[in-house]
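Novice: Have a look at the structure that comes next, please.
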Amino acid sequence: MIAVMKQEKKTIHPLKFIMWAGCASIVMMFAGLSSAYIVKRNQANWLSFDIPVIFYYSTAVIILSSVTIMLSRKAFINREMKHYKRWLFLTTILGITFVLLQYLGFKQLWASGITLTRNVSFSFLYIIVGLHAVHVMGGVVALVIMYLKSFSRRRKNYNQIYIDLMNTYWHFVDLLWIYLLFFLLLIR
Amino acid sequence: MNNEEVLHEKPLVVHDAGHAIHEHHHQSFITKYIFSQDHKMISKQYLLTGIIWAVIGGFFSVIFRLQLGFPDQTFPFLEDIFGHWAKGGRLDTEFYYALVTMHGTILVFFVLTAGLSGTFSNFLIPLQVGARDMASPFLNMLSYWFFFLASIVMFSSLFLQTGPASGGWTIYPPLSALGDAMDGSKGGMDFWLTSIALFIISVLLGGLNYITTVLNMRTKGMYMTRLPLTVWSFLFTAILGVLTFPVLLSAVVLLLFDRHLGTSFYLSDIVIGGKILPNEGGSPILFQHLFWFLGHPEVYIIALPAMGITSEVISTNSRKPIFGYMAMVGSFFAIASLSFLVWAHHMFVSGMNPFLGSFFVLFTLLIAVPSAIKVFNWLTTLWKGNIHFTPGMLFAIGFVSLFISGGLTGIWLGNSALDLHLHDTYFVIAHFHLVMGVASMFGMFAGVYHWYPKMFGRFMNHTLSYLHFWISFIGAYFIFWPMHYEGLAGMPRRYYDFSNWESFKMFGGLNEFISITAIIVFAAQFLFIFNFFYSMYKGRKVTERNKNPWHSTTMEWTTPIHPPHGNWVSEIPEVHRWPYDYGKDGRDFIAQTEPVGADESKH
C-alpha cells in the first residue's frame with residue numbers, strides 16, 4: 001500500500017484541477033457575454049456610458065481582499081491560527097464590502113438615468129457586473145463557512161486543500177473583475 | 001490526494017503492515033440507494049431517470065405522429081389523457097407545438113445528454129481508468145440531484161394550465177420571449193428556462209468530475225495512450241460540455257431578463273396584438289448565435305459517447321484490435337475542436353452575412369474528414385474479424401450503419417446553397433434523427449446490453465434483445481428514410497397539417513406509413529424495458545467463472561461481480577498494455593493488467 005502510494009506520480013490535486021476547470025467554464029460564460037456585447041456595440045442604437053467612480057473603489061477593495069486571503073493562507077501554513085482567522089475575517093468583510101459598493105454603483109448609475117431597460121448597452125452593463133457580483137457572493141458564502149469552521153473545537157484542521165481552493169477562486173473572481181473593468185472602460 | 005483518500009474524504013491512517021485500515025461501511029438505504037456517492041449507483045440513477053424520460057419523450061412523438069399520419073381522424077382516447085388539449089380527440093394546435101418542443105427538449109437534454117453520458121461516464125470512467133471513485137464523489141452526487149431537480153421542474157411544466165414551453169426546443173425569441181405571443185410562452189417557458197439552468201449546473205458538475213478523474217486518477221501504468229476509446233470519448237464530451245454549456249446559461253439569463261425585466265437583448269420593433277412594444281435595439285440573431293454555440297457542440301456531446309461505446313464493443317466482439325487507435329483519438333480531438341467553429345451552419349437562412357456563411361460551410365464540411373476516419377476504422381475493425389453477434393454488437397453495428405446514412409446527408413445540409421432549399425424541411429428531420437438521434441440511442445443500447453452484466457451481475461435475455469434490435473433497426477429506416485423524399489419536395493417541419501397543400505397531398509399515405517411504423521417501434525422499446533427490469537431480478541446470473549463474459553481486456557471486468565464502493569477489494573491492479581490486445585500471439589485476448597511477457601511480439 002505504502003509502496004503504491006509512494007509510486008504515484010506527483011500530479012496536481014484532483015480538487016484543484018476541478019477548481020481550475022470550473023474557472024474555465026465561468027470564463028466561457030463571460031466570454032459569451034462579452035462577445036455578444038462587442039457584436040451589439042457595432043450595431044445601431046448603442047449608447048455609451050461612464051463607469052461610476054465607486055467601481056474604482058470596489059476594485060481597490062477586491063485587490064486588497066486578494067492580499068488578505070493570501071496572508072490568511074500563509075498564516076495557516078505557519079499554524080498561526082489566530083492570524084489565520086483574523087485575515088479570513090477581514091477577507092470576508094472586504095468581500096461583502098465589494099458587493100455593497102457594486103450595489104451603490106448601480107444605484108448611482110440608476111440615479112443618473114442609466115437604467116436597466118433604457119438601452120441595451122445599459123442592460124449589458126448591469127448583467128455583466130451583476131453576474132460577476134453573484135460569483136463574488138458565492139465566494140463570500142464559502143468564506144463565511146470556512147470562517148465558522150475555524151472555530152470548531154471538535155476537530156483540528158490540518159488540511160490545507162480547501163484553503164488553497166478558496167485562494168484560487170478568490171484570485172479568480174478578482175482577476176475576472178479587473179478584466180471586466182478594463183473591458184467596460186475600453187469598449188463602451 | 002490518492003485514490004484511497006478520495007473515498008474516505010480524509011487522509012488515511014496507514015497501518016504498520018502497510019495496509020490501509022478499511023473502515024467498515026455501514027450504509028443505510030438512503031445513503032446506498034438515494035443520496036449515494038458511489039459512481040456506480042449514480043450511473044444507475046442516471047440510467048433509470050433517462051429511461052423514464054425516454055418513455056415520456058417517445059410517447060409524445062407517437063401522439064404527434066398520430067396527428068401527422070391521420071390528420072382527418074379523431075382519437076377519443078387522447079381527450080381522456082390530455083383533456084382540453086385534445087377536445088373531441090383532435091390535438092389542439094398549440095398543444096401540438098408543445099409536444100414537438102417537449103419531445104426535442106427531453107430527448108436531446110434529458111435522455112441523450114444526461115441519460116447517455118451521465119450513465120456511462122459515471123459507470124465506466126472510474127472502472128476503466130482504475131480509480132476507486134470520481135475525483136469528488138460529493139460533487140458527483142450533486143450533479144445527479146441537480147439533474148433530478150431539473151427533471152422535476154420540466155415535468156411539472158406539463159401540468160400548467162397554459163401548457164409547457166412550445167416554441168421548439170431551440171426556443172428562439174421573440175416568440176419565446178413574449179408571453180402574449182402564445183400560451184406556450186407563458187409559465188411553461190419560465191419552467192423550461194429554470195429547468196435548463198439547473199440542468200446546466202448538473203452537466204458542469206458532472207463534466208468537471210469526468211475530466212479530472214480521467215486526467216488525474218488513473219491507476220499506475222494507465223497512460224493516456226492506454227485508455228480505452230470509451231474513456232477518450234467521455235473526456236472529449238465532458239470538455240465540450242464544460243466549455244459550451246455556460247454560454248447557453250448566458251443566453252438563458254438574457255432571455256429571462258427580456259421576459260421579466262423589460263430589457264431588449266433579443267427584442268426590437270415588435271407589434272403584438274396591435275400594440276407596439278417599447279423594446280428597441282435587440283436582435284433575435286444574437287440568441288441564435290449564443291444558442292448554437294452550445295447547440296452544435298451539443299450534437300457531439302450526444303454523439304461522441306455513442307462513438308466511444310461503439311468502438312469498444314465492435315473491437316471486443318470482432319476479437320480484433322481496434323483499427324487505428326491513434327487515428328480514433330485524433331479524430332475525436334478533431335471533431336471536438338471543429339465543433340466549436342461550425343455553429344452558424346444552423347443559421348444560413350437567418351439573415352446573417354452570407355460571406356460569413358462560406359467560412360462555416362468550409363469548417364462544417366471539414367468535419368466529414370474525421371467522421372469518415374472513424375467509419376473507416378470501424379469497418380476495418382470488423383473486416384475479417386471473428387464476429388460475435390451479441391446484442392451489444394448488433395446495436396454497435398447498427399450505430400455505424402445509421403451514422404453513415406445520416407452523416408452523408410450532413411454533407412448536403414452543410415452547403416449553404418443547398419441549405420436554402422432544405423432548411424427546416426423534413427430532410428433535416430431525417431438527417432439529424434438518423435445521425436445523432438437514433439444512432440446515439442443505438443450507442444446507448446449497445447452500452448446497456450454490453451455492460452449490463454457488470455452493472456447488475458446478471459444477463460439480459462438474448463431473444464428479446466434480438467427482437468428489440470431488428471424491430472428498432474428496420475423501423476428506424478422505415479420511419480426516417482421516406483422523410484428525405486418529403487423534405488426534398490419542400491415539406492416543412494413543425495407543421496400541424498399538410499392535407500391543405502396540393503403539392504404535399506401525395507405524401508398522405510407515406511405519412512400514415514411513417515406513423516404506423518413509429519407506433520410499432522415505440523411498442524418494441526417495451527421489450528427492452530421489460531427485459532431490463534425482469535433481468536435485474538430474474539436474469540441468468542454472472543458466475544465467478546464467466547465474470548468477464550465478453551472476454552474483454554479492460555479493467556472493469558477485473559473487479560468482483562458486485563463491486564463494492566471502491567471497486568477493487570484489494571489494491572487497484574497495475575496496467576501494462578493498451579486495451580485492445582485481441583488475437584495476439586495466438587491468444588484470444590490479453591487483459592490490460594497482465595504484464596508484457598518476455599517473448600511477446602510488439603504491438
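Within each chain, counting starts at residue 1; across the C-alpha cells, chains are named A, B, ... in the order shown, with ligands numbered 1 upward in that order.
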Distance cut-off 10 Å, counting only C-alpha atoms - which residues of chain A neighbour chain B? Return them as a VMD selection string.

Specialist: chain A and resid 1 to 22 24 to 33 35 to 37 39 to 40 43 to 46 115 to 124 127 to 128 131 159 161

Novice: Env of region 328-332 of chain B: 8 Å cut, atoms = only C-alpha atoms, seq-sep filter 4 positions within chain, self excluded. Answer as a list in words.

Specialist: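 My list of contacting residues is Leu229, Trp232, Ser233, Phe236, Leu304, Gly324, Ala336, Pro370, Ser371, Ile373, Lys374 and Asn377 of chain B.
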
Novice: Can those selected residues be exported to a file as a PDB file, in the first residue's frame so that it contains N, CA and C atoms?

Specialist:
ATOM      1  N   LEU B 229     -11.080   3.544 -25.756  1.00  0.00           N
ATOM      2  CA  LEU B 229     -11.645   4.659 -26.526  1.00  0.00           C
ATOM      3  C   LEU B 229     -12.915   5.208 -25.884  1.00  0.00           C
ATOM      4  N   TRP B 232     -11.722   7.988 -23.712  1.00  0.00           N
ATOM      5  CA  TRP B 232     -11.360   9.147 -24.545  1.00  0.00           C
ATOM      6  C   TRP B 232     -12.617   9.913 -24.963  1.00  0.00           C
ATOM      7  N   SER B 233     -13.636   9.166 -25.390  1.00  0.00           N
ATOM      8  CA  SER B 233     -14.835   9.864 -25.879  1.00  0.00           C
ATOM      9  C   SER B 233     -15.523  10.599 -24.734  1.00  0.00           C
ATOM     10  N   PHE B 236     -13.604  13.903 -24.074  1.00  0.00           N
ATOM     11  CA  PHE B 236     -13.886  14.999 -25.009  1.00  0.00           C
ATOM     12  C   PHE B 236     -15.320  15.504 -24.844  1.00  0.00           C
ATOM     13  N   LEU B 304     -20.497  11.672 -29.383  1.00  0.00           N
ATOM     14  CA  LEU B 304     -19.181  11.118 -29.038  1.00  0.00           C
ATOM     15  C   LEU B 304     -19.255   9.914 -28.094  1.00  0.00           C
ATOM     16  N   GLY B 324      -6.482   1.472 -36.048  1.00  0.00           N
ATOM     17  CA  GLY B 324      -6.104   2.891 -35.974  1.00  0.00           C
ATOM     18  C   GLY B 324      -6.488   3.554 -34.672  1.00  0.00           C
ATOM     19  N   ALA B 336     -14.058  17.322 -31.861  1.00  0.00           N
ATOM     20  CA  ALA B 336     -14.355  18.196 -30.730  1.00  0.00           C
ATOM     21  C   ALA B 336     -13.927  19.624 -31.014  1.00  0.00           C
ATOM     22  N   PRO B 370     -12.748  13.724 -40.169  1.00  0.00           N
ATOM     23  CA  PRO B 370     -12.622  12.837 -39.002  1.00  0.00           C
ATOM     24  C   PRO B 370     -13.767  11.847 -38.872  1.00  0.00           C
ATOM     25  N   SER B 371     -14.977  12.238 -39.291  1.00  0.00           N
ATOM     26  CA  SER B 371     -16.096  11.294 -39.216  1.00  0.00           C
ATOM     27  C   SER B 371     -15.850  10.112 -40.133  1.00  0.00           C
ATOM     28  N   ILE B 373     -12.952   9.026 -41.069  1.00  0.00           N
ATOM     29  CA  ILE B 373     -11.874   8.224 -40.477  1.00  0.00           C
ATOM     30  C   ILE B 373     -12.464   7.220 -39.491  1.00  0.00           C
ATOM     31  N   LYS B 374     -13.387   7.695 -38.686  1.00  0.00           N
ATOM     32  CA  LYS B 374     -13.981   6.808 -37.673  1.00  0.00           C
ATOM     33  C   LYS B 374     -14.742   5.669 -38.343  1.00  0.00           C
ATOM     34  N   ASN B 377     -12.423   3.174 -39.769  1.00  0.00           N
ATOM     35  CA  ASN B 377     -11.795   2.353 -38.739  1.00  0.00           C
ATOM     36  C   ASN B 377     -12.745   1.312 -38.159  1.00  0.00           C
TER      37      ASN B 377
END

Novice: Please return as a count of residues only: the residues of chain A that backbone DSSP assigns to helix (DSSP H, G or I).

Specialist: 145

Novice: Extract, using only C-alpha atoms, all DNA, RNA and protein residues at most 7 Å from Thr93 (chain B), discarding same-chain residues fewer than 3 positions from it, and format them as a list in words.

Specialist: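 Once the adjacent positions are removed, what remains is Tyr96, Tyr97 and Tyr496 of chain B.
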
Novice: Dump C-alpha atoms for the selected residues as a PDB file, in the first residue's frame?

Specialist:
ATOM      1  CA  TYR B  96     -49.122  20.023 -30.934  1.00  0.00           C
ATOM      2  CA  TYR B  97     -46.252  22.526 -30.757  1.00  0.00           C
ATOM      3  CA  TYR B 496     -49.658  20.669 -37.888  1.00  0.00           C
TER       4      TYR B 496
END

Novice: Which polymer residues have any atom within 9 Å of an atom of Phe106 (chain A), counting only C-alpha atoms, with same-chain residues fewer than 6 positions away left out, as a VMD selection string?

Specialist: chain A and resid 52 114 to 115 126

Novice: Asp419 (chain B): which residues within 9 Å, counting only C-alpha atoms, same-chain residues fewer than 4 positions away excluded, as a VMD selection string?

Specialist: chain B and resid 345 348 to 349 412 to 415 423 to 424

Novice: Neighbours of Leu99 (chain B) within 12 Å (only C-alpha atoms; same-chain residues fewer than 3 positions away dropped), as number ranges by chain?

Specialist: B: 56-67, 82, 85-86, 91-96, 102-107, 158, 163-169, 184, 494, 496

Novice: Those residues with C-alpha atoms, as a short mmCIF file (atom, residue, chain, number, x, y, z; two decimals), in the first residue's frame please?

Specialist:
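The result, stored in result27.cif:
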data_model
loop_
_atom_site.label_atom_id
_atom_site.label_comp_id
_atom_site.auth_asym_id
_atom_site.auth_seq_id
_atom_site.Cartn_x
_atom_site.Cartn_y
_atom_site.Cartn_z
CA ILE B 56 -42.27 10.12 -21.98
CA GLY B 57 -40.42 11.75 -24.89
CA GLY B 58 -41.07 8.80 -27.18
CA PHE B 59 -44.73 8.73 -26.22
CA PHE B 60 -45.07 12.39 -27.18
CA SER B 61 -43.66 11.66 -30.62
CA VAL B 62 -46.21 8.88 -31.08
CA ILE B 63 -49.01 11.30 -30.19
CA PHE B 64 -47.98 13.96 -32.69
CA ARG B 65 -47.27 11.30 -35.30
CA LEU B 66 -50.94 10.31 -34.92
CA GLN B 67 -51.88 13.84 -35.93
CA PHE B 82 -54.87 15.36 -22.35
CA TRP B 85 -55.73 19.96 -25.16
CA ALA B 86 -57.36 17.29 -27.30
CA LEU B 91 -54.90 17.61 -30.81
CA ASP B 92 -55.11 21.31 -30.08
CA THR B 93 -52.81 23.16 -32.49
CA GLU B 94 -50.86 24.88 -29.72
CA PHE B 95 -50.54 21.64 -27.82
CA TYR B 96 -49.12 20.02 -30.93
CA MET B 102 -41.02 18.71 -25.31
CA HIS B 103 -40.06 15.74 -27.47
CA GLY B 104 -36.95 17.61 -28.65
CA THR B 105 -36.01 19.01 -25.26
CA ILE B 106 -36.48 15.72 -23.44
CA LEU B 107 -34.62 13.59 -25.95
CA LEU B 158 -46.51 19.63 -18.34
CA GLY B 163 -49.11 24.11 -21.01
CA PRO B 164 -45.37 23.56 -21.31
CA ALA B 165 -42.99 25.61 -23.46
CA SER B 166 -43.92 25.34 -27.10
CA GLY B 167 -41.55 27.44 -29.19
CA GLY B 168 -39.49 24.48 -30.41
CA TRP B 169 -36.58 23.02 -28.46
CA GLY B 184 -46.62 28.15 -24.68
CA ARG B 494 -43.23 21.51 -37.35
CA TYR B 496 -49.66 20.67 -37.89
#

Novice: Give me, as a list of chain:residue names, all polymer residues having an atom no more than 10 Å from Phe456 (chain B), counting only C-alpha atoms and skipping those fewer than 4 positions away in the same chain.

Specialist: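 Close residues of Phe456 (chain B): B:Lys44, B:Trp451, B:Tyr452, B:Met460, B:Ser535, B:Met536, B:Tyr537, B:Gly539, B:Lys541, B:Val542, B:Ile561, B:His562, B:Pro563.
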
Novice: Would you work out the distance separating CA of Ile514 (chain B) from CA of Leu402 (chain B), expressed in Å to one decimal?

Specialist: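 Result for CA of Ile514 (chain B) versus CA of Leu402 (chain B): 17.3 Å, one decimal.
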